[in-house]
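Trainee: Mind having a look at this structure? Questions to follow.
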Amino acid sequence: MAEVVLDKINKRYENGFHAVRDLDIAIADGEFLVLVGPSGCGKTTALRMVAGLEDITSGTMTIGGKVVNTLPPKDRDIAMVFQSYALYPHMSVADNIAYGLRIRRMDAAEISRRVERAAQMLELGNLLDRKPKQLSGGQRQRVAMGRAIVREPQVFLMDEPLSNLDAKLRVQMRAEIAQVQQDLNVTTIYVTHDQIEAMTMGDRVAVMKAGVLQQIGDPQHLYDHPDNIFVAGFIGSPPMNMALGRVEAGNGDLAVRLGAATLALPGAVTAARPALAGYAGRDVAVGVRSEDMEDARLARGGDDLPRLRTTVTMTEALGSEIVVHFVLDAPKVVTEDTKALEKDAHSSDVALHDRGTRFRASFGPRSRVRNGDEIEVVVDTERVHFFDPESGAAIRS
Amino acid sequence: MTATNEVVRLGSARGGWLRQFGWRHLVGLLALAFSLFPILFVVSASLNPLGTLSSSTLIPPDTSLENFTKLFGTTSFSRWFLNTLLIGVLSAVLSMFVSAAAAFAFSRYRFKGRRIGLVSLLLVQMFPQFLAIVALYLIFAEITDLYPAIGLNTSWGLILLYLGGALGVNTWLMKGFFDTIPKDLDESAKVDGATHSQIFFGIILPLVVPILAVTGLLGFINTVNEFLIASVFLTDDSAKTAAVGLYGLISGERNANFGVFSAGAVILAIPTVVLFQFLQRYIVGGLTSGAVKG
Ligand SMILES: Nc1ncnc2c1ncn2[C@@H]1O[C@H](COP(=O)(O)OP(=O)(O)OP(=O)(O)O)[C@@H](O)[C@H]1O
Ligand SMILES: [Mg+2]
């Protein structure tokens with residue numbers, strides 16, 4: 001086992017495309033790091049550079065303290081799980097799993113011991129004689145995992161290993177992979193574009209956009225303290241609501257005007273963000289997570305809490321909560337980040353024509369709001385996020 | 001007429017069977033007759049003891065194995081036949097291997113001259129090999145002086161020549177097939193610790209067996225049937241291939257040896273048929289299914 005360090009790693013493809021820029025990540029021994037980001041952001045490229053399948057244009061890559069920049073994959077002591085699984089079609093499951101060991105001329109007794117153990121771990125015992133095409137998607141996925149496990153490598157590399165599975169199986173395999181990684185305690189880099197996988201599996205999550213690392217940290221930290229609009233919008237489901245608001249300096253305290261409503265900010269919020277005072281009289285991007293809003297009728301002791309008045313355009317009852325859609329009469333935030341997010345989600349609010357910003361709030365299940373209802377929404381101002389509307393960076397100190 | 005009357009049940013209309021399925025049988029029978037006729041004719045000629053072109057009919061008046069005894073008794077046919085098998089098998093197998101290796105490189109590696117290499121292979125292939133026959137003859141005449149073992153009138157020299165001839169088209173054919181095998185397999189093996197040759201022999205070759213079988217079979221058939229170059233290169237009676245030797249039988253007096261010629265032709269067809277039977281089950285695609293999500 002070993003730590004993996006990427007130091008100022010760059011990748012420029014032969015056609016001049018700069019796919020990864022100055023990537024700095026240090027992955028601790030035994031850590032599960034998830035590399036997440038929208039399609040085309042360079043996750044696979046970064047992973048393949050760790051594997052040695054792609055040349056490193058500049059920077060230093062170390063695995064277990066050893067510089068591996070020019071080392072071929074087989075000498076890096078890594079195992080990789082491919083998105084396509086890449087099982088050898090002409091070999092049985094057992095041979096697939098044992099291939100990496102046979103190639104390395106391990107003795108037969110040890111090979112069969114390891115294959116057996118992996119098969120037991122992954123519940124492949126009765127499938128060992130089958131060919132890959134006789135397996136279901138989930139079983140193929142397990143074989144691919146088995147092939148990596150038996151090698152007992154220093155590092156696991158996984159490139160979207162679950163993206164070919166259906167939703168239910170994905171949830172199940174997610175837990176299994178996380179469990180296996182925990183049991184074996186092998187340093188793991190896991191690539192995905194699914195932020196739920198990132199949140200649930202990773203010890204730490206690294207968010208990338210267009211070849212650049214945006215933020216790295218444990219999942220809850222990324223969720224609670226996103227460094228910029230992109231991370232705020234990418235992590236979390238539904239994504240953070242975001243609208244332009246104006247900071248107003250009243251008698252000592254700050255407030256933010258969001259459309260027709262004015263939200264007074266508690267002293268703790270402004271104290272934690274000294275820089276916010278500097279935005280007085282200017283626009284900021286205001287971010288509110290859906291769970292930080294509540295139906296005013298349900299909010300306890302919320303008579304003096306700031307509220308937004310609006311009309312419900314759609315409701316989605318999920319049982320444990322009701323997701324309420326409405327249009328807030330505040331301008332949309334438009335930055336590089338929001339454009340990237342819209343592209344990733346294949347969505348856009350052009351239909352709104354500047355009438356406002358679509359918001360999603362999750363209300364308690366006892367809320368009985370319906371389409372077309374006039375409602376009042378209370379906002380937990382302690383948990384509101386502020387970003388610079390130009391740079392997209394979080395406003396903090 | 002009501003709407004229900006217009007419902008046409010499958011094959012219920014008069015002449016429906018013929019129109020729906022029957023014509024396919026007819027076409028099939030015609031094609032069969034067309035391809036069987038020459039075979040039947042040659043077989044019957046080889047059994048016809050009169051053994052002349054003019055006496056040949058589709059149903060021989062009399063049958064005997066006289067032509068076959070004559071073939072082995074009075075000519076060096078058994079020698080020719082062995083030469084043909086040697087040349088056919090070796091050049092098919094070797095060209096299969098050489099082309100597979102070349103196709104692997106062209107499909108998997110990126111190197112200087114890759115495009116030029118591919119294009120020139122194609123260009124060279126456009127000219128029939130016998131255009132170069134004068135040059136080849138001169139080259140081999142020189143080689144015969146230096147290394148008689150691989151010169152004119154040897155099977156080895158001819159094998160060498162055929163190898164070059166088949167390289168281009170086989171490489172292209174195989175490269176197309178290799179390109180359909182996901183690169184993930186190579187990379188997975190690479191990460192597992194396999195060398196280039198282990199990937200080639202252990203992962204890729206087993207997956208391209210169908211195309212190997214096809215090129216091998218075509219190579220064998222071409223070589224067995226090749227006449228022009230062989231007739232220039234092989235003049236010694238003992239070095240001849242069956243095609244050259246048999247032609248010699250009828251080149252003088254076409255009419256007289258026709259029965260013996262036909263007997264040789266029938267025997268010559270046997271290896272190809274056997275080989276085809278044997279390779280048939282490999283000539284199926286779909287071996288790569290299951291490699292990736294399917
Ligand atoms: N061989 C190549 N030559 C040139 N550009 C490439 C090459 N491979 C990838 N790219 C580009 O580099 C960028 C990053 O690609 P990469 O495969 O790393 O994305 P990704 O983050 O893994 O995306 P996805 O989630 O879709 O797999 C993409 O814009 C892609 O078009
Ligand atoms: Mg990718």
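In the structure tokens, chains take the letters A, B, ... in the order shown, each chain's residues start at 1, and ligands count up from 1 in the order shown.
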Hey, what's within 9 Å of Leu158 of chain B if we count only C-alpha atoms and toss same-chain stuff fewer than 3 positions away? As number ranges by chain, please?

Mentor: B: 87, 91, 150-155, 161-163, 229-230, 233-234

Trainee: Got a sec to check which residues lie within 12 Å of ligand 1, using only C-alpha atoms and all ligand atoms, and send them as a short mmCIF file (atom, residue, chain, number, x, y, z; two decimals) with all heavy atoms, in the first residue's frame?

Mentor:
```
data_model
loop_
_atom_site.label_atom_id
_atom_site.label_comp_id
_atom_site.auth_asym_id
_atom_site.auth_seq_id
_atom_site.Cartn_x
_atom_site.Cartn_y
_atom_site.Cartn_z
N ASN A 10 0.43 17.85 -15.78
CA ASN A 10 -0.21 18.40 -16.98
C ASN A 10 -0.32 17.34 -18.05
O ASN A 10 0.55 16.47 -18.14
CB ASN A 10 0.60 19.57 -17.54
CG ASN A 10 0.29 20.86 -16.82
OD1 ASN A 10 -0.68 21.53 -17.13
ND2 ASN A 10 1.10 21.17 -15.82
N LYS A 11 -1.38 17.44 -18.84
CA LYS A 11 -1.46 16.56 -20.01
C LYS A 11 -1.88 17.38 -21.22
O LYS A 11 -2.91 18.05 -21.21
CB LYS A 11 -2.50 15.45 -19.79
CG LYS A 11 -2.73 14.58 -21.01
CD LYS A 11 -1.49 13.76 -21.35
CE LYS A 11 -1.63 13.09 -22.71
NZ LYS A 11 -0.49 12.21 -22.99
N ARG A 12 -1.05 17.35 -22.21
CA ARG A 12 -1.37 17.98 -23.48
C ARG A 12 -1.35 16.87 -24.53
O ARG A 12 -0.33 16.21 -24.72
CB ARG A 12 -0.28 19.01 -23.80
CG ARG A 12 -0.78 20.24 -24.50
CD ARG A 12 0.40 21.14 -24.81
NE ARG A 12 0.51 22.29 -23.93
CZ ARG A 12 -0.25 23.37 -24.04
NH1 ARG A 12 -1.16 23.45 -24.96
NH2 ARG A 12 -0.07 24.39 -23.23
N TYR A 13 -2.49 16.64 -25.18
CA TYR A 13 -2.53 15.59 -26.19
C TYR A 13 -1.79 16.03 -27.45
O TYR A 13 -1.52 17.22 -27.62
CB TYR A 13 -3.98 15.23 -26.53
CG TYR A 13 -4.60 14.30 -25.52
CD1 TYR A 13 -5.59 14.74 -24.66
CD2 TYR A 13 -4.17 12.98 -25.42
CE1 TYR A 13 -6.15 13.90 -23.72
CE2 TYR A 13 -4.74 12.13 -24.50
CZ TYR A 13 -5.72 12.59 -23.65
OH TYR A 13 -6.27 11.74 -22.72
N GLU A 14 -1.49 15.08 -28.33
CA GLU A 14 -0.71 15.38 -29.54
C GLU A 14 -1.38 16.48 -30.38
O GLU A 14 -0.72 17.25 -31.04
CB GLU A 14 -0.56 14.13 -30.42
CG GLU A 14 0.29 13.03 -29.81
CD GLU A 14 -0.54 12.15 -28.88
OE1 GLU A 14 -1.42 11.43 -29.38
OE2 GLU A 14 -0.31 12.19 -27.66
N ASN A 15 -2.71 16.53 -30.34
CA ASN A 15 -3.40 17.55 -31.14
C ASN A 15 -3.40 18.92 -30.44
O ASN A 15 -4.06 19.85 -30.89
CB ASN A 15 -4.84 17.12 -31.44
CG ASN A 15 -5.67 16.96 -30.17
OD1 ASN A 15 -5.19 17.23 -29.07
ND2 ASN A 15 -6.90 16.54 -30.35
N GLY A 16 -2.66 19.02 -29.33
CA GLY A 16 -2.52 20.30 -28.66
C GLY A 16 -3.55 20.54 -27.58
O GLY A 16 -3.46 21.54 -26.86
N PHE A 17 -4.52 19.63 -27.43
CA PHE A 17 -5.56 19.83 -26.42
C PHE A 17 -4.99 19.67 -25.01
O PHE A 17 -4.36 18.66 -24.71
CB PHE A 17 -6.70 18.84 -26.65
CG PHE A 17 -7.88 19.10 -25.77
CD1 PHE A 17 -8.79 20.09 -26.10
CD2 PHE A 17 -8.08 18.36 -24.62
CE1 PHE A 17 -9.87 20.35 -25.27
CE2 PHE A 17 -9.16 18.61 -23.79
CZ PHE A 17 -10.06 19.61 -24.12
N HIS A 18 -5.22 20.69 -24.20
CA HIS A 18 -4.68 20.67 -22.84
C HIS A 18 -5.74 20.07 -21.91
O HIS A 18 -6.62 20.77 -21.44
CB HIS A 18 -4.35 22.11 -22.42
CG HIS A 18 -3.33 22.18 -21.32
ND1 HIS A 18 -2.63 23.31 -21.01
CD2 HIS A 18 -2.90 21.25 -20.46
CE1 HIS A 18 -1.82 23.07 -20.00
NE2 HIS A 18 -1.95 21.82 -19.65
N ALA A 19 -5.66 18.77 -21.66
CA ALA A 19 -6.76 18.06 -20.99
C ALA A 19 -6.69 18.15 -19.47
O ALA A 19 -7.70 18.12 -18.80
CB ALA A 19 -6.77 16.61 -21.43
N VAL A 20 -5.47 18.23 -18.93
CA VAL A 20 -5.31 18.31 -17.48
C VAL A 20 -4.30 19.41 -17.17
O VAL A 20 -3.23 19.45 -17.77
CB VAL A 20 -4.83 16.96 -16.89
CG1 VAL A 20 -4.47 17.12 -15.42
CG2 VAL A 20 -5.88 15.88 -17.06
N ARG A 21 -4.66 20.31 -16.27
CA ARG A 21 -3.78 21.45 -15.97
C ARG A 21 -3.35 21.45 -14.52
O ARG A 21 -4.20 21.47 -13.62
CB ARG A 21 -4.52 22.77 -16.22
CG ARG A 21 -4.80 23.04 -17.68
CD ARG A 21 -5.83 24.13 -17.80
NE ARG A 21 -6.34 24.16 -19.15
CZ ARG A 21 -5.89 25.01 -20.08
NH1 ARG A 21 -4.96 25.87 -19.78
NH2 ARG A 21 -6.39 24.97 -21.30
N LEU A 35 -12.59 11.04 -7.92
CA LEU A 35 -12.35 12.13 -8.86
C LEU A 35 -13.66 12.32 -9.63
O LEU A 35 -14.10 11.42 -10.32
CB LEU A 35 -11.23 11.70 -9.80
CG LEU A 35 -10.34 12.73 -10.45
CD1 LEU A 35 -9.78 13.68 -9.43
CD2 LEU A 35 -9.21 12.02 -11.17
N VAL A 36 -14.26 13.49 -9.46
CA VAL A 36 -15.57 13.67 -10.06
C VAL A 36 -15.59 14.94 -10.89
O VAL A 36 -14.81 15.86 -10.66
CB VAL A 36 -16.66 13.69 -8.95
CG1 VAL A 36 -16.57 14.95 -8.12
CG2 VAL A 36 -18.04 13.53 -9.54
N GLY A 37 -16.46 14.97 -11.87
CA GLY A 37 -16.57 16.15 -12.72
C GLY A 37 -17.40 15.83 -13.94
O GLY A 37 -17.67 14.66 -14.21
N PRO A 38 -17.82 16.85 -14.67
CA PRO A 38 -18.66 16.59 -15.83
C PRO A 38 -17.88 15.88 -16.94
O PRO A 38 -16.65 15.81 -16.89
CB PRO A 38 -19.11 17.98 -16.27
CG PRO A 38 -18.10 18.91 -15.71
CD PRO A 38 -17.56 18.27 -14.47
N SER A 39 -18.59 15.39 -17.92
CA SER A 39 -17.97 14.66 -19.02
C SER A 39 -16.92 15.53 -19.73
O SER A 39 -17.15 16.71 -19.96
CB SER A 39 -19.05 14.25 -20.02
OG SER A 39 -18.50 13.39 -20.96
N GLY A 40 -15.78 14.93 -20.00
CA GLY A 40 -14.75 15.64 -20.75
C GLY A 40 -13.86 16.53 -19.90
O GLY A 40 -13.07 17.30 -20.44
N CYS A 41 -13.96 16.44 -18.58
CA CYS A 41 -13.17 17.34 -17.73
C CYS A 41 -11.76 16.81 -17.49
O CYS A 41 -10.95 17.48 -16.87
CB CYS A 41 -13.88 17.58 -16.41
SG CYS A 41 -13.84 16.17 -15.31
N GLY A 42 -11.47 15.62 -17.95
CA GLY A 42 -10.11 15.11 -17.84
C GLY A 42 -9.90 14.09 -16.73
O GLY A 42 -8.76 13.77 -16.40
N LYS A 43 -10.97 13.54 -16.19
CA LYS A 43 -10.83 12.55 -15.13
C LYS A 43 -10.12 11.30 -15.62
O LYS A 43 -9.18 10.82 -15.01
CB LYS A 43 -12.21 12.13 -14.59
CG LYS A 43 -13.12 13.26 -14.24
CD LYS A 43 -14.51 12.74 -13.86
CE LYS A 43 -15.25 12.06 -14.98
NZ LYS A 43 -15.93 12.94 -15.91
N THR A 44 -10.63 10.78 -16.76
CA THR A 44 -10.03 9.55 -17.29
C THR A 44 -8.57 9.79 -17.65
O THR A 44 -7.71 8.96 -17.37
CB THR A 44 -10.82 9.08 -18.52
OG1 THR A 44 -12.16 8.79 -18.13
CG2 THR A 44 -10.19 7.85 -19.12
N THR A 45 -8.31 10.95 -18.24
CA THR A 45 -6.94 11.28 -18.61
C THR A 45 -6.04 11.25 -17.37
O THR A 45 -4.95 10.66 -17.40
CB THR A 45 -6.90 12.67 -19.25
OG1 THR A 45 -7.83 12.70 -20.33
CG2 THR A 45 -5.51 12.99 -19.76
N ALA A 46 -6.52 11.87 -16.29
CA ALA A 46 -5.72 11.90 -15.06
C ALA A 46 -5.47 10.48 -14.55
O ALA A 46 -4.35 10.12 -14.20
CB ALA A 46 -6.43 12.74 -14.01
N LEU A 47 -6.51 9.67 -14.54
CA LEU A 47 -6.39 8.30 -14.04
C LEU A 47 -5.42 7.47 -14.89
O LEU A 47 -4.62 6.71 -14.38
CB LEU A 47 -7.77 7.63 -14.02
CG LEU A 47 -7.85 6.35 -13.21
CD1 LEU A 47 -7.83 6.67 -11.73
CD2 LEU A 47 -9.09 5.55 -13.56
N ARG A 48 -5.53 7.67 -16.21
CA ARG A 48 -4.66 6.91 -17.11
C ARG A 48 -3.20 7.32 -16.96
O ARG A 48 -2.30 6.52 -17.22
CB ARG A 48 -5.13 7.05 -18.56
CG ARG A 48 -6.43 6.27 -18.83
CD ARG A 48 -7.02 6.65 -20.16
NE ARG A 48 -6.08 6.45 -21.26
CZ ARG A 48 -5.91 5.28 -21.87
NH1 ARG A 48 -6.61 4.24 -21.51
NH2 ARG A 48 -5.04 5.18 -22.85
N MET A 49 -2.99 8.56 -16.55
CA MET A 49 -1.61 8.97 -16.29
C MET A 49 -1.08 8.29 -15.03
O MET A 49 0.08 7.91 -14.97
CB MET A 49 -1.52 10.49 -16.17
CG MET A 49 -1.59 11.18 -17.52
SD MET A 49 -1.12 12.91 -17.43
CE MET A 49 -2.59 13.63 -16.75
N LEU A 53 -0.83 4.51 -18.64
CA LEU A 53 -1.35 4.24 -19.99
C LEU A 53 -1.27 5.50 -20.85
O LEU A 53 -1.50 5.45 -22.05
CB LEU A 53 -2.80 3.75 -19.91
CG LEU A 53 -2.97 2.39 -19.25
CD1 LEU A 53 -4.44 2.09 -19.01
CD2 LEU A 53 -2.35 1.30 -20.12
N GLU A 54 -0.98 6.62 -20.22
CA GLU A 54 -0.90 7.88 -20.95
C GLU A 54 0.37 8.60 -20.47
O GLU A 54 0.67 8.59 -19.28
CB GLU A 54 -2.15 8.71 -20.62
CG GLU A 54 -2.58 9.68 -21.67
CD GLU A 54 -3.27 8.97 -22.85
OE1 GLU A 54 -4.38 8.46 -22.69
OE2 GLU A 54 -2.64 8.96 -23.92
N ASP A 55 1.11 9.17 -21.41
CA ASP A 55 2.33 9.90 -21.03
C ASP A 55 1.98 11.15 -20.24
O ASP A 55 0.95 11.78 -20.47
CB ASP A 55 3.09 10.34 -22.28
CG ASP A 55 3.72 9.15 -22.98
OD1 ASP A 55 3.98 8.16 -22.28
OD2 ASP A 55 3.94 9.23 -24.19
N PHE A 82 -11.76 -1.19 -15.60
CA PHE A 82 -12.17 -0.36 -16.73
C PHE A 82 -13.68 -0.20 -16.76
O PHE A 82 -14.42 -1.07 -16.31
CB PHE A 82 -11.69 -0.97 -18.04
CG PHE A 82 -10.21 -0.91 -18.23
CD1 PHE A 82 -9.38 -1.79 -17.56
CD2 PHE A 82 -9.64 0.02 -19.07
CE1 PHE A 82 -8.01 -1.74 -17.71
CE2 PHE A 82 -8.26 0.07 -19.24
CZ PHE A 82 -7.45 -0.81 -18.55
N GLN A 83 -14.09 0.90 -17.36
CA GLN A 83 -15.53 1.17 -17.51
C GLN A 83 -16.22 0.04 -18.27
O GLN A 83 -17.32 -0.36 -17.98
CB GLN A 83 -15.71 2.50 -18.23
CG GLN A 83 -17.16 2.85 -18.47
CD GLN A 83 -17.32 4.25 -19.01
OE1 GLN A 83 -16.34 4.93 -19.29
NE2 GLN A 83 -18.54 4.70 -19.17
N SER A 84 -15.50 -0.49 -19.29
CA SER A 84 -16.06 -1.56 -20.11
C SER A 84 -15.78 -2.93 -19.50
O SER A 84 -16.11 -3.94 -20.09
CB SER A 84 -15.46 -1.50 -21.50
OG SER A 84 -14.07 -1.72 -21.42
N MET A 158 -10.04 2.96 -10.67
CA MET A 158 -11.33 2.55 -11.24
C MET A 158 -11.92 3.70 -12.05
O MET A 158 -12.05 4.81 -11.55
CB MET A 158 -12.31 2.19 -10.12
CG MET A 158 -11.74 1.15 -9.18
SD MET A 158 -12.99 0.55 -8.05
CE MET A 158 -11.95 -0.32 -6.88
N ASP A 159 -12.25 3.38 -13.29
CA ASP A 159 -12.81 4.41 -14.18
C ASP A 159 -14.29 4.14 -14.42
O ASP A 159 -14.64 3.25 -15.20
CB ASP A 159 -12.05 4.43 -15.50
CG ASP A 159 -12.42 5.62 -16.34
OD1 ASP A 159 -13.26 6.43 -15.90
OD2 ASP A 159 -11.87 5.75 -17.45
N GLU A 160 -15.13 4.86 -13.74
CA GLU A 160 -16.58 4.71 -13.88
C GLU A 160 -17.01 3.25 -13.93
O GLU A 160 -17.67 2.82 -14.87
CB GLU A 160 -17.07 5.43 -15.15
CG GLU A 160 -16.55 6.84 -15.23
CD GLU A 160 -17.47 7.77 -15.99
OE1 GLU A 160 -18.64 7.43 -16.15
OE2 GLU A 160 -17.02 8.84 -16.37
N PRO A 161 -16.62 2.45 -12.93
CA PRO A 161 -16.90 1.02 -13.02
C PRO A 161 -18.38 0.68 -12.97
O PRO A 161 -18.77 -0.42 -13.32
CB PRO A 161 -16.16 0.44 -11.82
CG PRO A 161 -16.07 1.56 -10.85
CD PRO A 161 -15.97 2.81 -11.67
N SER A 163 -20.93 2.61 -14.37
CA SER A 163 -21.79 3.39 -15.27
C SER A 163 -22.57 2.52 -16.25
O SER A 163 -23.52 2.97 -16.85
CB SER A 163 -20.97 4.41 -16.03
OG SER A 163 -20.02 3.76 -16.82
N TYR A 190 -10.95 6.64 -7.69
CA TYR A 190 -12.19 6.21 -8.31
C TYR A 190 -12.74 7.37 -9.12
O TYR A 190 -12.96 8.45 -8.59
CB TYR A 190 -13.17 5.81 -7.20
CG TYR A 190 -14.49 5.25 -7.62
CD1 TYR A 190 -14.75 3.90 -7.54
CD2 TYR A 190 -15.50 6.08 -8.10
CE1 TYR A 190 -15.98 3.38 -7.91
CE2 TYR A 190 -16.72 5.58 -8.48
CZ TYR A 190 -16.96 4.22 -8.38
OH TYR A 190 -18.17 3.71 -8.76
N VAL A 191 -12.91 7.15 -10.42
CA VAL A 191 -13.40 8.21 -11.29
C VAL A 191 -14.89 8.03 -11.56
O VAL A 191 -15.34 6.92 -11.82
CB VAL A 191 -12.64 8.19 -12.63
CG1 VAL A 191 -13.38 8.97 -13.69
CG2 VAL A 191 -11.24 8.76 -12.45
N THR A 192 -15.63 9.10 -11.48
CA THR A 192 -17.06 9.03 -11.80
C THR A 192 -17.55 10.40 -12.21
O THR A 192 -16.90 11.40 -11.95
CB THR A 192 -17.87 8.53 -10.58
OG1 THR A 192 -19.24 8.49 -10.93
CG2 THR A 192 -17.68 9.45 -9.39
N HIS A 193 -18.68 10.44 -12.93
CA HIS A 193 -19.26 11.77 -13.14
C HIS A 193 -20.55 11.90 -12.33
O HIS A 193 -21.28 12.86 -12.46
CB HIS A 193 -19.47 12.06 -14.62
CG HIS A 193 -20.44 11.12 -15.28
ND1 HIS A 193 -20.04 10.17 -16.18
CD2 HIS A 193 -21.75 10.96 -15.14
CE1 HIS A 193 -21.08 9.48 -16.57
NE2 HIS A 193 -22.14 9.93 -15.96
N ASP A 194 -20.78 10.88 -11.48
CA ASP A 194 -21.99 10.84 -10.68
C ASP A 194 -21.67 11.37 -9.29
O ASP A 194 -20.96 10.73 -8.52
CB ASP A 194 -22.48 9.39 -10.62
CG ASP A 194 -23.73 9.24 -9.79
OD1 ASP A 194 -24.16 10.24 -9.20
OD2 ASP A 194 -24.26 8.12 -9.72
N GLN A 195 -22.22 12.54 -8.94
CA GLN A 195 -21.86 13.14 -7.66
C GLN A 195 -22.38 12.33 -6.48
O GLN A 195 -21.81 12.40 -5.39
CB GLN A 195 -22.31 14.60 -7.61
CG GLN A 195 -23.79 14.83 -7.79
CD GLN A 195 -24.52 14.80 -6.48
OE1 GLN A 195 -23.92 14.97 -5.43
NE2 GLN A 195 -25.83 14.55 -6.55
N VAL A 207 -13.12 17.57 -7.10
CA VAL A 207 -14.01 18.00 -8.18
C VAL A 207 -13.17 18.68 -9.26
O VAL A 207 -12.38 19.58 -8.97
CB VAL A 207 -15.07 18.98 -7.67
CG1 VAL A 207 -16.02 19.37 -8.80
CG2 VAL A 207 -15.85 18.36 -6.52
N MET A 208 -13.34 18.23 -10.50
CA MET A 208 -12.60 18.82 -11.62
C MET A 208 -13.55 19.47 -12.60
O MET A 208 -14.69 19.06 -12.76
CB MET A 208 -11.81 17.73 -12.36
CG MET A 208 -10.54 17.30 -11.68
SD MET A 208 -9.71 16.02 -12.65
CE MET A 208 -8.99 17.00 -13.95
N LYS A 209 -13.02 20.51 -13.26
CA LYS A 209 -13.78 21.12 -14.35
C LYS A 209 -12.79 21.54 -15.41
O LYS A 209 -11.82 22.22 -15.11
CB LYS A 209 -14.56 22.35 -13.84
CG LYS A 209 -15.50 22.94 -14.89
CD LYS A 209 -16.00 24.31 -14.49
CE LYS A 209 -14.92 25.35 -14.78
NZ LYS A 209 -15.37 26.73 -14.56
N ALA A 210 -13.03 21.15 -16.64
CA ALA A 210 -12.19 21.54 -17.77
C ALA A 210 -10.70 21.37 -17.46
O ALA A 210 -9.89 22.25 -17.74
CB ALA A 210 -12.49 22.98 -18.17
N GLY A 211 -10.35 20.23 -16.88
CA GLY A 211 -8.94 19.94 -16.67
C GLY A 211 -8.34 20.58 -15.43
O GLY A 211 -7.16 20.40 -15.15
N VAL A 212 -9.14 21.34 -14.69
CA VAL A 212 -8.61 22.05 -13.52
C VAL A 212 -9.32 21.54 -12.26
O VAL A 212 -10.54 21.41 -12.23
CB VAL A 212 -8.84 23.57 -13.67
CG1 VAL A 212 -8.29 24.30 -12.44
CG2 VAL A 212 -8.19 24.07 -14.94
N LEU A 213 -8.50 21.29 -11.22
CA LEU A 213 -9.07 20.88 -9.95
C LEU A 213 -9.79 22.07 -9.32
O LEU A 213 -9.23 23.15 -9.17
CB LEU A 213 -7.94 20.39 -9.03
CG LEU A 213 -8.37 19.91 -7.64
CD1 LEU A 213 -9.21 18.66 -7.75
CD2 LEU A 213 -7.17 19.68 -6.75
N ASP A 344 -23.69 20.20 -18.37
CA ASP A 344 -23.56 18.87 -17.77
C ASP A 344 -24.94 18.26 -17.50
O ASP A 344 -25.16 17.07 -17.70
CB ASP A 344 -22.77 18.97 -16.48
CG ASP A 344 -22.59 17.60 -15.84
OD1 ASP A 344 -22.15 16.69 -16.57
OD2 ASP A 344 -22.90 17.44 -14.65
N ARG B 110 1.11 3.52 -32.60
CA ARG B 110 1.20 4.76 -33.37
C ARG B 110 2.68 5.02 -33.57
O ARG B 110 3.41 5.21 -32.61
CB ARG B 110 0.56 5.92 -32.61
CG ARG B 110 -0.93 5.72 -32.38
CD ARG B 110 -1.70 5.82 -33.70
NE ARG B 110 -3.11 5.47 -33.55
CZ ARG B 110 -3.58 4.24 -33.75
NH1 ARG B 110 -2.77 3.25 -34.07
NH2 ARG B 110 -4.86 4.00 -33.63
#
```

Trainee: Please provide the set of residues having any atom within 6 Å of Pro274 of chain A, restricted to only C-alpha atoms, with same-chain residues fewer than 2 positions apart removed, written as a list in words.

Mentor: Ala271, Leu276 and Ser397 of chain A

Trainee: Residues of chain A within 6 Å of chain B, counting only C-alpha atoms, what are they? List them as a PyMOL selection string.

Mentor: chain A and resi 73-74+84+86-89+100+132-133

Trainee: With N, CA, C and O atoms retained, export the selected residues as a compact mmCIF listing (two decimals), in the first residue's frame.

Mentor:
```
# COMPACT_ATOMS: atom_id res chain seq x y z
N PRO A 73 3.15 0.57 -17.02
CA PRO A 73 2.07 0.19 -16.09
C PRO A 73 2.41 -1.03 -15.23
O PRO A 73 2.09 -1.05 -14.05
N LYS A 74 3.03 -2.04 -15.84
CA LYS A 74 3.21 -3.28 -15.10
C LYS A 74 4.18 -3.13 -13.92
O LYS A 74 4.15 -3.93 -13.01
N SER A 84 -15.50 -0.49 -19.29
CA SER A 84 -16.06 -1.56 -20.11
C SER A 84 -15.78 -2.93 -19.50
O SER A 84 -16.11 -3.94 -20.09
N ALA A 86 -13.46 -4.78 -19.68
CA ALA A 86 -12.34 -5.35 -20.42
C ALA A 86 -12.02 -6.77 -20.00
O ALA A 86 -10.86 -7.12 -19.77
N LEU A 87 -13.03 -7.61 -19.86
CA LEU A 87 -12.78 -9.02 -19.57
C LEU A 87 -12.31 -9.71 -20.84
O LEU A 87 -12.77 -9.37 -21.93
N TYR A 88 -11.42 -10.68 -20.69
CA TYR A 88 -10.94 -11.41 -21.87
C TYR A 88 -12.01 -12.41 -22.28
O TYR A 88 -12.30 -13.36 -21.54
N PRO A 89 -12.61 -12.24 -23.45
CA PRO A 89 -13.82 -13.01 -23.80
C PRO A 89 -13.55 -14.50 -23.96
O PRO A 89 -14.46 -15.30 -23.80
N GLY A 100 -3.51 -11.95 -14.44
CA GLY A 100 -2.44 -11.08 -13.98
C GLY A 100 -1.41 -11.80 -13.12
O GLY A 100 -0.25 -11.42 -13.07
N PRO A 132 -17.18 -14.77 -19.99
CA PRO A 132 -17.77 -13.46 -19.69
C PRO A 132 -19.12 -13.22 -20.35
O PRO A 132 -20.00 -12.60 -19.77
N LYS A 133 -19.31 -13.76 -21.56
CA LYS A 133 -20.58 -13.43 -22.22
C LYS A 133 -21.77 -14.17 -21.60
O LYS A 133 -22.90 -13.87 -21.92
```
